[in-house]
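Peer 1: Contents are mmCIF, C-alpha atoms; file name data_17.cif:
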```cif
data_structure
#
loop_
_atom_site.label_atom_id
_atom_site.label_comp_id
_atom_site.auth_asym_id
_atom_site.auth_seq_id
_atom_site.Cartn_x
_atom_site.Cartn_y
_atom_site.Cartn_z
CA MET A 1 73.11 65.22 9.57
CA TYR A 2 70.65 62.34 9.95
CA SER A 3 67.65 64.64 9.92
CA LEU A 4 68.85 66.36 6.72
CA LEU A 5 69.35 62.98 5.03
CA ASN A 6 65.93 61.86 6.29
CA LEU A 7 64.37 64.98 4.87
CA ILE A 8 66.02 64.51 1.47
CA LEU A 9 64.93 60.86 1.36
CA PHE A 10 61.44 61.81 2.47
CA HIS A 11 61.11 64.25 -0.43
CA ILE A 12 62.51 61.75 -2.93
CA PHE A 13 59.94 59.19 -1.76
CA LEU A 14 57.24 61.82 -1.84
CA ILE A 15 58.13 62.56 -5.48
CA LEU A 16 58.04 58.82 -6.24
CA ASN A 17 54.57 58.64 -4.70
CA ALA A 18 53.51 61.61 -6.83
CA ILE A 19 54.88 59.85 -9.95
CA PHE A 20 52.95 56.72 -8.97
CA ILE A 21 49.72 58.70 -8.57
CA ILE A 22 50.15 60.55 -11.88
CA ILE A 23 50.95 57.38 -13.86
CA VAL A 24 48.04 55.45 -12.33
CA PHE A 25 45.70 58.35 -13.11
CA VAL A 26 46.95 58.58 -16.73
CA VAL A 27 46.47 54.81 -17.21
CA GLY A 28 42.97 55.12 -15.70
CA ILE A 29 41.96 57.91 -18.07
CA PHE A 30 43.39 56.01 -21.05
CA LEU A 31 41.47 52.86 -20.10
CA LEU A 32 38.27 54.85 -19.59
CA ILE A 33 38.54 56.44 -23.05
CA ARG A 34 39.43 53.13 -24.74
CA GLY A 35 36.75 51.27 -22.82
CA LEU A 36 34.10 53.74 -23.94
CA GLN A 37 35.40 53.69 -27.53
CA ILE A 38 35.28 49.91 -27.85
CA LYS A 39 32.35 49.51 -25.41
CA MET A 40 34.18 47.05 -23.14
CA THR A 41 32.60 47.02 -19.68
CA ASN A 42 35.56 45.23 -18.08
CA ILE A 43 37.98 47.94 -19.25
CA ILE A 44 35.65 50.69 -17.99
CA ILE A 45 35.48 48.93 -14.60
CA ALA A 46 39.29 48.68 -14.45
CA SER A 47 39.55 52.38 -15.32
CA ILE A 48 37.30 53.30 -12.36
CA GLY A 49 39.76 51.59 -10.02
CA PHE A 50 42.76 53.27 -11.63
CA ILE A 51 41.14 56.70 -11.41
CA GLY A 52 39.80 56.12 -7.89
CA LEU A 53 43.14 55.14 -6.37
CA PRO A 54 44.83 58.54 -6.99
CA ILE A 55 41.71 60.33 -5.69
CA GLY A 56 42.09 58.43 -2.40
CA PHE A 57 45.81 59.23 -2.16
CA ILE A 58 45.36 62.91 -3.02
CA GLY A 59 42.53 63.22 -0.50
CA TYR A 60 44.71 61.78 2.25
CA PHE A 61 48.09 63.35 1.45
CA VAL A 62 47.10 66.69 -0.05
CA PHE A 63 43.79 67.50 1.61
CA ASN A 64 44.49 65.70 4.91
CA LEU A 65 41.26 63.73 4.69
CA SER A 66 40.87 60.68 6.91
CA GLU A 67 42.68 57.38 6.21
CA VAL A 68 39.20 55.87 5.97
CA PHE A 69 38.62 58.10 2.93
CA GLN A 70 41.78 56.75 1.31
CA GLU A 71 40.97 53.15 2.24
CA THR A 72 37.52 53.47 0.67
CA PHE A 73 39.12 54.35 -2.67
CA VAL A 74 41.66 51.54 -2.25
CA TYR A 75 38.65 49.25 -1.72
CA LEU A 76 37.08 50.56 -4.94
CA ALA A 77 40.34 49.97 -6.83
CA TYR A 78 40.82 46.43 -5.50
CA LEU A 79 37.21 45.48 -6.18
CA SER A 80 37.38 46.79 -9.72
CA THR A 81 40.65 44.86 -10.25
CA VAL A 82 39.04 41.57 -9.20
CA ILE A 83 35.91 42.23 -11.26
CA PHE A 84 38.14 43.08 -14.24
CA THR A 85 40.08 39.82 -13.78
CA ASN A 86 36.89 37.77 -13.56
CA LEU A 87 35.25 39.42 -16.56
CA THR A 88 38.37 39.30 -18.72
CA PHE A 89 39.76 35.86 -17.96
CA TYR A 90 37.11 33.69 -16.33
CA LYS A 91 33.73 34.09 -17.97
CA LYS A 92 31.97 30.74 -18.01
CA LYS A 93 30.09 29.10 -20.85
CA GLU A 94 27.15 28.63 -18.49
CA ARG A 95 26.09 30.74 -15.51
CA GLU A 96 26.99 29.17 -12.19
CA TRP A 97 27.09 31.15 -8.95
CA ILE A 98 29.33 29.02 -6.76
CA ASN A 99 32.72 28.95 -8.41
CA TYR A 100 36.25 30.04 -7.55
CA THR A 101 35.96 33.43 -9.31
CA ASN A 102 33.01 34.41 -7.11
CA ILE A 103 34.80 33.04 -4.04
CA VAL A 104 37.76 35.36 -4.73
CA LEU A 105 35.42 38.29 -5.35
CA PHE A 106 33.43 37.58 -2.18
CA SER A 107 36.66 37.24 -0.13
CA VAL A 108 37.96 40.59 -1.41
CA ILE A 109 34.60 42.25 -0.66
CA ILE A 110 34.74 40.95 2.95
CA LEU A 111 38.47 41.67 3.46
CA GLY A 112 38.02 45.21 2.14
CA LEU A 113 35.11 45.89 4.47
CA ILE A 114 37.17 44.52 7.38
CA GLN A 115 40.02 46.89 6.45
CA ILE A 116 37.74 49.91 6.59
CA LEU A 117 36.16 48.70 9.83
CA LEU A 118 39.55 48.04 11.52
CA LEU A 119 40.84 51.42 10.41
CA TYR A 120 37.74 53.04 11.85
CA ILE A 121 38.18 51.14 15.14
CA GLN A 122 41.83 52.21 15.33
CA ILE A 123 41.28 55.88 14.47
CA TYR A 124 37.97 56.66 16.15
CA LEU A 125 37.84 54.14 19.02
CA GLY A 126 41.58 54.18 19.76
CA ILE A 127 41.85 50.37 19.88
CA TYR A 128 45.27 49.18 18.68
CA VAL A 129 44.70 46.64 15.88
CA TYR A 130 47.59 47.63 13.60
CA TYR A 131 49.31 44.26 13.08
CA PHE A 132 46.02 42.39 12.79
CA ARG A 133 44.89 44.91 10.18
CA VAL A 134 48.20 44.72 8.26
CA ALA A 135 48.10 40.90 8.31
CA LEU A 136 44.61 40.94 6.79
CA ASP A 137 45.68 43.71 4.43
CA PHE A 138 48.44 41.45 3.14
CA LEU A 139 45.87 38.76 2.37
CA TYR A 140 43.59 41.36 0.77
CA THR A 141 46.30 42.87 -1.47
CA PHE A 142 47.85 39.51 -2.31
CA LEU A 143 44.53 37.93 -3.24
CA THR A 144 43.54 40.87 -5.47
CA PHE A 145 46.75 41.15 -7.46
CA PHE A 146 47.96 37.58 -7.35
CA TRP A 147 44.59 36.62 -8.83
CA LEU A 148 45.24 38.95 -11.78
CA ALA A 149 48.87 37.81 -12.05
CA TRP A 150 47.83 34.14 -12.05
CA ALA A 151 45.09 34.71 -14.65
CA ALA A 152 47.46 36.61 -16.97
CA PHE A 153 50.23 34.04 -16.42
CA GLN A 154 47.95 31.10 -17.22
CA SER A 155 46.66 32.79 -20.37
CA TYR A 156 50.19 33.72 -21.41
CA GLN A 157 51.35 30.13 -20.96
CA ARG A 158 48.46 28.95 -23.12
CA LEU A 159 48.93 31.57 -25.84
CA LYS A 160 52.70 31.86 -26.07
CA GLU A 161 52.96 29.11 -28.71
CA TYR A 162 50.21 30.65 -30.87
CA LYS A 163 51.02 32.90 -33.81
CA ILE A 164 49.68 36.17 -32.39
CA ALA A 165 51.16 39.67 -32.37
CA PRO A 166 54.24 39.67 -30.06
CA TRP A 167 53.18 42.93 -28.38
CA ILE A 168 50.06 41.15 -27.10
CA LYS A 169 52.22 38.42 -25.59
CA LEU A 170 54.38 41.14 -24.04
CA ARG A 171 51.26 42.78 -22.57
CA TYR A 172 50.34 39.49 -20.88
CA ARG A 173 53.88 39.19 -19.52
CA LEU A 174 53.93 42.73 -18.18
CA LEU A 175 50.52 42.22 -16.57
CA TRP A 176 51.46 39.07 -14.70
CA ILE A 177 54.95 40.19 -13.68
CA PHE A 178 53.93 43.60 -12.32
CA SER A 179 50.72 42.32 -10.73
CA LEU A 180 52.83 39.75 -8.93
CA ILE A 181 55.22 42.48 -7.71
CA ILE A 182 52.41 44.68 -6.40
CA SER A 183 50.74 41.75 -4.64
CA PHE A 184 53.57 42.06 -2.07
CA ASN A 185 53.12 45.83 -1.80
CA ASN A 186 52.07 45.96 1.83
CA VAL A 187 54.80 43.64 3.23
CA PRO A 188 56.92 46.68 4.31
CA GLU A 189 54.01 47.80 6.52
CA PHE A 190 54.76 44.92 8.91
CA PHE A 191 57.95 46.78 9.85
CA GLN A 192 56.25 50.11 10.57
CA PRO A 193 57.19 51.11 14.16
CA PRO A 194 54.17 51.10 16.51
CA GLY A 195 52.66 54.52 17.16
CA VAL A 196 54.61 56.24 14.36
CA GLN A 197 52.56 57.75 11.55
CA TRP A 198 53.16 56.29 8.10
CA GLY A 199 55.66 58.34 6.11
CA THR A 200 57.08 60.27 9.10
CA SER A 201 60.44 61.71 8.03
CA ASN A 202 62.18 61.75 11.44
CA ASN A 203 61.94 58.01 12.01
CA LEU A 204 64.37 56.05 9.83
CA ILE A 205 62.44 52.75 9.86
CA SER A 206 59.18 54.48 9.05
CA LEU A 207 60.96 56.32 6.26
CA ILE A 208 62.34 53.08 4.81
CA VAL A 209 58.85 51.54 4.93
CA PHE A 210 57.46 54.63 3.19
CA GLY A 211 60.23 54.53 0.57
CA THR A 212 59.97 50.81 -0.16
CA THR A 213 56.22 51.11 -0.68
CA ALA A 214 56.74 54.12 -2.97
CA ILE A 215 59.39 52.29 -5.03
CA LEU A 216 57.15 49.21 -5.40
CA GLY A 217 54.27 51.48 -6.40
CA VAL A 218 56.31 53.25 -9.09
CA ILE A 219 57.63 49.95 -10.48
CA PHE A 220 54.05 48.65 -10.71
CA ALA A 221 52.77 51.88 -12.28
CA ILE A 222 55.51 51.95 -14.95
CA GLY A 223 54.87 48.26 -15.73
CA PHE A 224 51.16 48.87 -16.18
CA LEU A 225 51.80 52.06 -18.17
CA LEU A 226 53.95 50.08 -20.62
CA ALA A 227 51.42 47.23 -20.71
CA TRP A 228 48.36 49.35 -21.48
CA ILE A 229 49.83 52.33 -23.32
CA MET A 230 52.59 50.47 -25.11
CA PRO A 231 54.77 52.81 -27.16
CA ASN A 232 55.17 52.00 -30.85
CA TRP A 233 58.95 51.64 -30.57
CA LEU A 234 58.43 48.83 -28.08
CA LYS A 235 55.88 47.12 -30.34
CA VAL A 236 58.36 47.34 -33.23
CA LYS A 237 61.22 46.12 -31.02
CA VAL A 238 59.38 42.94 -29.98
CA LYS A 239 57.87 42.30 -33.43
CA GLY A 240 60.84 40.26 -34.70
CA ASP A 241 59.96 38.36 -37.88
CA TYR A 242 56.24 38.22 -37.09
CA THR A 243 53.93 38.97 -40.02
CA PRO A 244 50.16 39.20 -39.42
CA SER A 245 47.89 36.91 -41.48
CA GLN A 246 46.73 38.60 -44.67
CA ASP A 247 43.35 37.40 -45.91
CA ILE A 248 42.34 37.68 -49.57
CA GLN A 249 39.03 39.51 -49.97
CA TYR A 250 36.43 37.15 -51.43
CA SER A 251 32.75 37.77 -52.03
CA GLU A 252 30.42 35.62 -49.92
CA GLU A 253 29.60 33.39 -52.92
CA GLU A 254 33.28 32.92 -53.83
CA LEU A 255 34.19 32.09 -50.26
CA MET A 256 31.37 29.56 -49.79
CA ARG A 257 32.29 27.93 -53.10
CA LEU A 258 35.94 27.73 -52.02
CA ILE A 259 34.99 26.17 -48.65
CA LYS A 260 32.72 23.61 -50.34
CA GLU A 261 35.54 22.67 -52.72
CA GLN A 262 37.99 22.29 -49.87
CA LEU A 263 35.50 20.24 -47.84
CA ASN A 264 34.95 17.89 -50.77
CA ASN A 265 38.67 17.31 -51.33
CA MET B 1 41.30 40.57 -34.23
CA GLU B 2 43.49 37.77 -32.84
CA ILE B 3 40.63 35.73 -31.39
CA ILE B 4 39.22 35.34 -34.93
CA ASN B 5 42.61 34.00 -36.07
CA ILE B 6 42.69 31.51 -33.23
CA LEU B 7 39.11 30.31 -33.79
CA GLY B 8 39.68 30.27 -37.55
CA ASN B 9 42.86 28.26 -37.26
CA LYS B 10 41.14 25.78 -34.96
CA LEU B 11 38.20 25.46 -37.38
CA ALA B 12 40.61 24.99 -40.27
CA VAL B 13 42.26 22.05 -38.53
CA ILE B 14 38.93 20.43 -37.62
CA LEU B 15 37.38 20.82 -41.09
CA ASN B 16 40.65 20.27 -42.91
CA ILE B 17 40.28 23.49 -44.92
CA SER B 18 42.72 26.38 -45.33
CA PRO B 19 43.01 28.88 -42.42
CA PRO B 20 41.98 31.89 -44.62
CA ALA B 21 38.81 30.02 -45.67
CA ALA B 22 38.00 29.13 -42.04
CA ARG B 23 38.60 32.71 -40.89
CA GLY B 24 36.37 33.86 -43.73
CA LEU B 25 33.61 31.54 -42.52
CA ILE B 26 33.84 33.03 -39.03
CA LYS B 27 33.77 36.56 -40.43
CA LEU B 28 30.69 35.68 -42.48
CA SER B 29 29.06 34.34 -39.30
CA ILE B 30 29.82 37.63 -37.54
CA LYS B 31 28.15 39.47 -40.42
CA ASP B 32 25.13 37.15 -40.23
CA GLU B 33 24.69 37.88 -36.53
CA PHE B 34 25.43 41.59 -36.32
CA GLY B 35 25.30 42.91 -39.86
CA PRO B 36 28.12 44.75 -41.60
CA PHE B 37 28.14 47.82 -39.37
CA LYS B 38 29.19 46.55 -35.93
CA PRO B 39 32.98 46.97 -35.63
CA ILE B 40 34.79 43.73 -34.87
CA SER B 41 36.67 45.58 -32.08
CA GLN B 42 33.37 45.97 -30.21
CA LEU B 43 32.59 42.25 -30.09
CA ASN B 44 32.78 40.74 -26.62
CA TYR B 45 32.81 37.21 -25.25
CA GLU B 46 29.00 36.94 -25.20
CA ASP B 47 28.85 38.13 -28.83
CA PHE B 48 31.34 35.48 -29.93
CA LYS B 49 29.40 32.81 -28.04
CA LEU B 50 26.27 33.85 -29.90
CA ILE B 51 28.08 33.88 -33.25
CA LEU B 52 29.43 30.36 -32.77
CA ASN B 53 26.20 28.96 -31.34
CA GLN B 54 23.90 30.40 -33.97
CA SER B 55 25.33 31.73 -37.22
CA LEU B 56 28.34 29.44 -37.47
CA ARG B 57 26.23 26.43 -36.50
CA ASN B 58 23.76 27.33 -39.30
CA ARG B 59 26.55 27.84 -41.80
CA LEU B 60 28.09 24.47 -40.94
CA GLN B 61 24.67 22.81 -41.27
CA ASN B 62 24.18 24.43 -44.68
CA LEU B 63 27.59 23.15 -45.71
CA ASP B 64 26.44 19.59 -44.79
CA VAL B 65 29.09 19.22 -42.12
CA VAL B 66 27.85 16.22 -40.14
CA ASN B 67 29.35 16.76 -36.68
CA TYR B 68 28.60 20.49 -36.48
CA ASP B 69 27.45 20.29 -32.84
CA SER B 70 30.75 18.94 -31.58
CA ILE B 71 32.66 21.41 -33.79
CA VAL B 72 30.75 24.32 -32.23
CA GLU B 73 31.37 22.89 -28.74
CA ASN B 74 35.06 22.61 -29.56
CA LEU B 75 35.21 26.23 -30.69
CA LEU B 76 33.23 27.40 -27.64
CA GLU B 77 35.84 25.71 -25.44
CA GLU B 78 38.65 27.36 -27.41
CA LEU B 79 36.88 30.70 -26.97
CA LYS B 80 36.47 30.13 -23.23
CA GLN B 81 40.14 29.22 -22.82
CA ASN B 82 41.37 32.25 -24.74
CA GLN B 83 38.65 34.79 -23.92
CA SER B 84 41.13 37.26 -22.42
CA LEU B 85 42.57 37.83 -25.89
CA ILE B 86 39.43 39.82 -26.77
CA THR B 87 40.41 42.42 -24.14
CA ILE B 88 44.19 42.11 -23.95
CA GLY B 89 44.55 42.19 -27.73
CA GLY B 90 41.70 44.65 -28.23
CA VAL B 91 42.68 47.65 -26.10
#
```
Could you render the structure as structure tokens?
Peer 2:
Amino acid sequence: MYSLLNLILFHIFLILNAIFIIIVFVVGIFLLIRGLQIKMTNIIIASIGFIGLPIGFIGYFVFNLSEVFQETFVYLAYLSTVIFTNLTFYKKKEREWINYTNIVLFSVIILGLIQILLLYIQIYLGIYVYYFRVALDFLYTFLTFFWLAWAAFQSYQRLKEYKIAPWIKLRYRLLWIFSLIISFNNVPEFFQPPGVQWGTSNNLISLIVFGTTAILGVIFAIGFLLAWIMPNWLKVKVKGDYTPSQDIQYSEEELMRLIKEQLNN
Amino acid sequence: MEIINILGNKLAVILNISPPAARGLIKLSIKDEFGPFKPISQLNYEDFKLILNQSLRNRLQNLDVVNYDSIVENLLEELKQNQSLITIGGV
């Protein structure tokens, strides 16, 4: 009875993981196309992370490639997320190398390398470092996504009183809320039973860990899908009584004359 | 583009002119810097910095605005604070 239930749950969670991978890939392709269209480097960088993440998952789950393979793509995704956050929210007026944005980036670079190294030690040298790795993984994931959540939250707080299109405000909200959710994504991994492979269907605790991670992943993916590829019905729904500013078309001479008049009044 | 509205509205308050006139002045500065063919959607943070620092500064000088340096600084700060709008509102 238990094993049948476990098997059903396992397949449900597997489907959720597949949904997560598909959505993340779709968002990645969308961002890549938009980034190329509007020539925005930060969007192209974000798209690389979104496209890379599913490649890592598919390599591990479908083609049975090593966990190191998957972790390398996770590293790529996390790095691109931090670079995206820095380029989108924290560009400085002047260049300065020692600042908190570079400290976050440097920390994520180091934590990501440590993850790959610890995974390698565990798999190929057989040294048990699971909880140490998961503890550092928590820091790694939290830093990456909380950084984005905090940046989007701060900007939203600053912009919410401005008269700008409501769907843009909603995009900020979705970004900070779902980034915050995913920053806790690896907490379930602390409960993974020692020596049991992640996602094993005949161990209930492992299955719950697998399922919780899948559910968090899908929630994050749907949030980001709505944020970046916002359907028109949602834009209309949040529009309320907002009307965009309509500027009268003046010639350059007319406009300069108008400004001079207004300055002299 | 929303960042133009925000910079324009800020400029309007500083110069005590109407927001459409201030937005127009910023759009003229964009045209001065990049010509009429670069789409506004392709302007990034560095482009806006250049527009404010050069073309807008020149336009304010030509309009005999006395404190143009501090006005440009003010707008650069506004741009820095709200730079994410270029991406978040542009995609």
Peer 1: Can you measure CA of Gln37 (chain A) to CA of Ile23 (chain A) for me? One decimal in Å is fine.
Peer 2: 21.0 Å
Peer 1: For chain A, which residues have at least one atom within 7 Å of chain B, if we go by all atoms listed in the file? Write them as number ranges by chain, please.
Peer 2: A: 34, 38-39, 88-89, 92-93, 155, 164, 168, 247, 255, 259-260, 262-263
Peer 1: Tell me which residues the PyMOL selection byres ((chain B and resi 53) around 12) grabs here, as a count of residues only.
Peer 2: 31
Peer 1: Near Gly195 (chain A), within 12 Å and counting only C-alpha atoms, which residues show up once chain neighbours fewer than 5 positions away are dropped, as a VMD selection string?
Peer 2: chain A and resid 122 to 123 126 to 131 200 203 206
Peer 1: Mind dumping the selected residues with C-alpha atoms as a compact mmCIF listing (two decimals), in the frame of the given file?
Peer 2:
```
# COMPACT_ATOMS: atom_id res chain seq x y z
CA GLN A 122 41.83 52.21 15.33
CA ILE A 123 41.28 55.88 14.47
CA GLY A 126 41.58 54.18 19.76
CA ILE A 127 41.85 50.37 19.88
CA TYR A 128 45.27 49.18 18.68
CA VAL A 129 44.70 46.64 15.88
CA TYR A 130 47.59 47.63 13.60
CA TYR A 131 49.31 44.26 13.08
CA THR A 200 57.08 60.27 9.10
CA ASN A 203 61.94 58.01 12.01
CA SER A 206 59.18 54.48 9.05
```
Peer 1: Have a look at CA of Leu136 (chain A) and CA of Ile215 (chain A) and let me know their distance in Å, one decimal.
Peer 2: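 According to the coordinates, CA of Leu136 (chain A) and CA of Ile215 (chain A) are separated by 22.1 Å.
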Peer 1: By how many Å are CA of Tyr172 (chain A) and CA of Lys160 (chain A) apart?
Peer 2: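 Those two atoms sit 9.5 Å apart.
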Peer 1: Hey, what comes out of the PyMOL selection byres ((chain A and resi 49) around 6) on this file? Could you write it as a ChimeraX atom specification?
Peer 2: /A:46-48,50-52,76-77,80
Peer 1: Produce a file of the selected residues containing C-alpha atoms, as a compact mmCIF listing (two decimals), keeping the file's coordinate frame.
Peer 2:
```txt
# COMPACT_ATOMS: atom_id res chain seq x y z
CA ALA A 46 39.29 48.68 -14.45
CA SER A 47 39.55 52.38 -15.32
CA ILE A 48 37.30 53.30 -12.36
CA PHE A 50 42.76 53.27 -11.63
CA ILE A 51 41.14 56.70 -11.41
CA GLY A 52 39.80 56.12 -7.89
CA LEU A 76 37.08 50.56 -4.94
CA ALA A 77 40.34 49.97 -6.83
CA SER A 80 37.38 46.79 -9.72
```
Peer 1: Could you expand the PyMOL selection byres ((chain A and resi 133) around 12) into the explicit residues it covers here, written as a PDB file with C-alpha atoms, in the frame of the given file?
Peer 2:
```pdb
ATOM      1  CA  LEU A 111      38.470  41.670   3.460  1.00  0.00           C
ATOM      2  CA  GLY A 112      38.020  45.210   2.140  1.00  0.00           C
ATOM      3  CA  LEU A 113      35.110  45.890   4.470  1.00  0.00           C
ATOM      4  CA  ILE A 114      37.170  44.520   7.380  1.00  0.00           C
ATOM      5  CA  GLN A 115      40.020  46.890   6.450  1.00  0.00           C
ATOM      6  CA  ILE A 116      37.740  49.910   6.590  1.00  0.00           C
ATOM      7  CA  LEU A 117      36.160  48.700   9.830  1.00  0.00           C
ATOM      8  CA  LEU A 118      39.550  48.040  11.520  1.00  0.00           C
ATOM      9  CA  LEU A 119      40.840  51.420  10.410  1.00  0.00           C
ATOM     10  CA  TYR A 120      37.740  53.040  11.850  1.00  0.00           C
ATOM     11  CA  ILE A 121      38.180  51.140  15.140  1.00  0.00           C
ATOM     12  CA  GLN A 122      41.830  52.210  15.330  1.00  0.00           C
ATOM     13  CA  ILE A 127      41.850  50.370  19.880  1.00  0.00           C
ATOM     14  CA  TYR A 128      45.270  49.180  18.680  1.00  0.00           C
ATOM     15  CA  VAL A 129      44.700  46.640  15.880  1.00  0.00           C
ATOM     16  CA  TYR A 130      47.590  47.630  13.600  1.00  0.00           C
ATOM     17  CA  TYR A 131      49.310  44.260  13.080  1.00  0.00           C
ATOM     18  CA  PHE A 132      46.020  42.390  12.790  1.00  0.00           C
ATOM     19  CA  VAL A 134      48.200  44.720   8.260  1.00  0.00           C
ATOM     20  CA  ALA A 135      48.100  40.900   8.310  1.00  0.00           C
ATOM     21  CA  LEU A 136      44.610  40.940   6.790  1.00  0.00           C
ATOM     22  CA  ASP A 137      45.680  43.710   4.430  1.00  0.00           C
ATOM     23  CA  PHE A 138      48.440  41.450   3.140  1.00  0.00           C
ATOM     24  CA  LEU A 139      45.870  38.760   2.370  1.00  0.00           C
ATOM     25  CA  TYR A 140      43.590  41.360   0.770  1.00  0.00           C
ATOM     26  CA  THR A 141      46.300  42.870  -1.470  1.00  0.00           C
ATOM     27  CA  ASN A 186      52.070  45.960   1.830  1.00  0.00           C
ATOM     28  CA  GLU A 189      54.010  47.800   6.520  1.00  0.00           C
ATOM     29  CA  PHE A 190      54.760  44.920   8.910  1.00  0.00           C
TER      30      PHE A 190
END
```
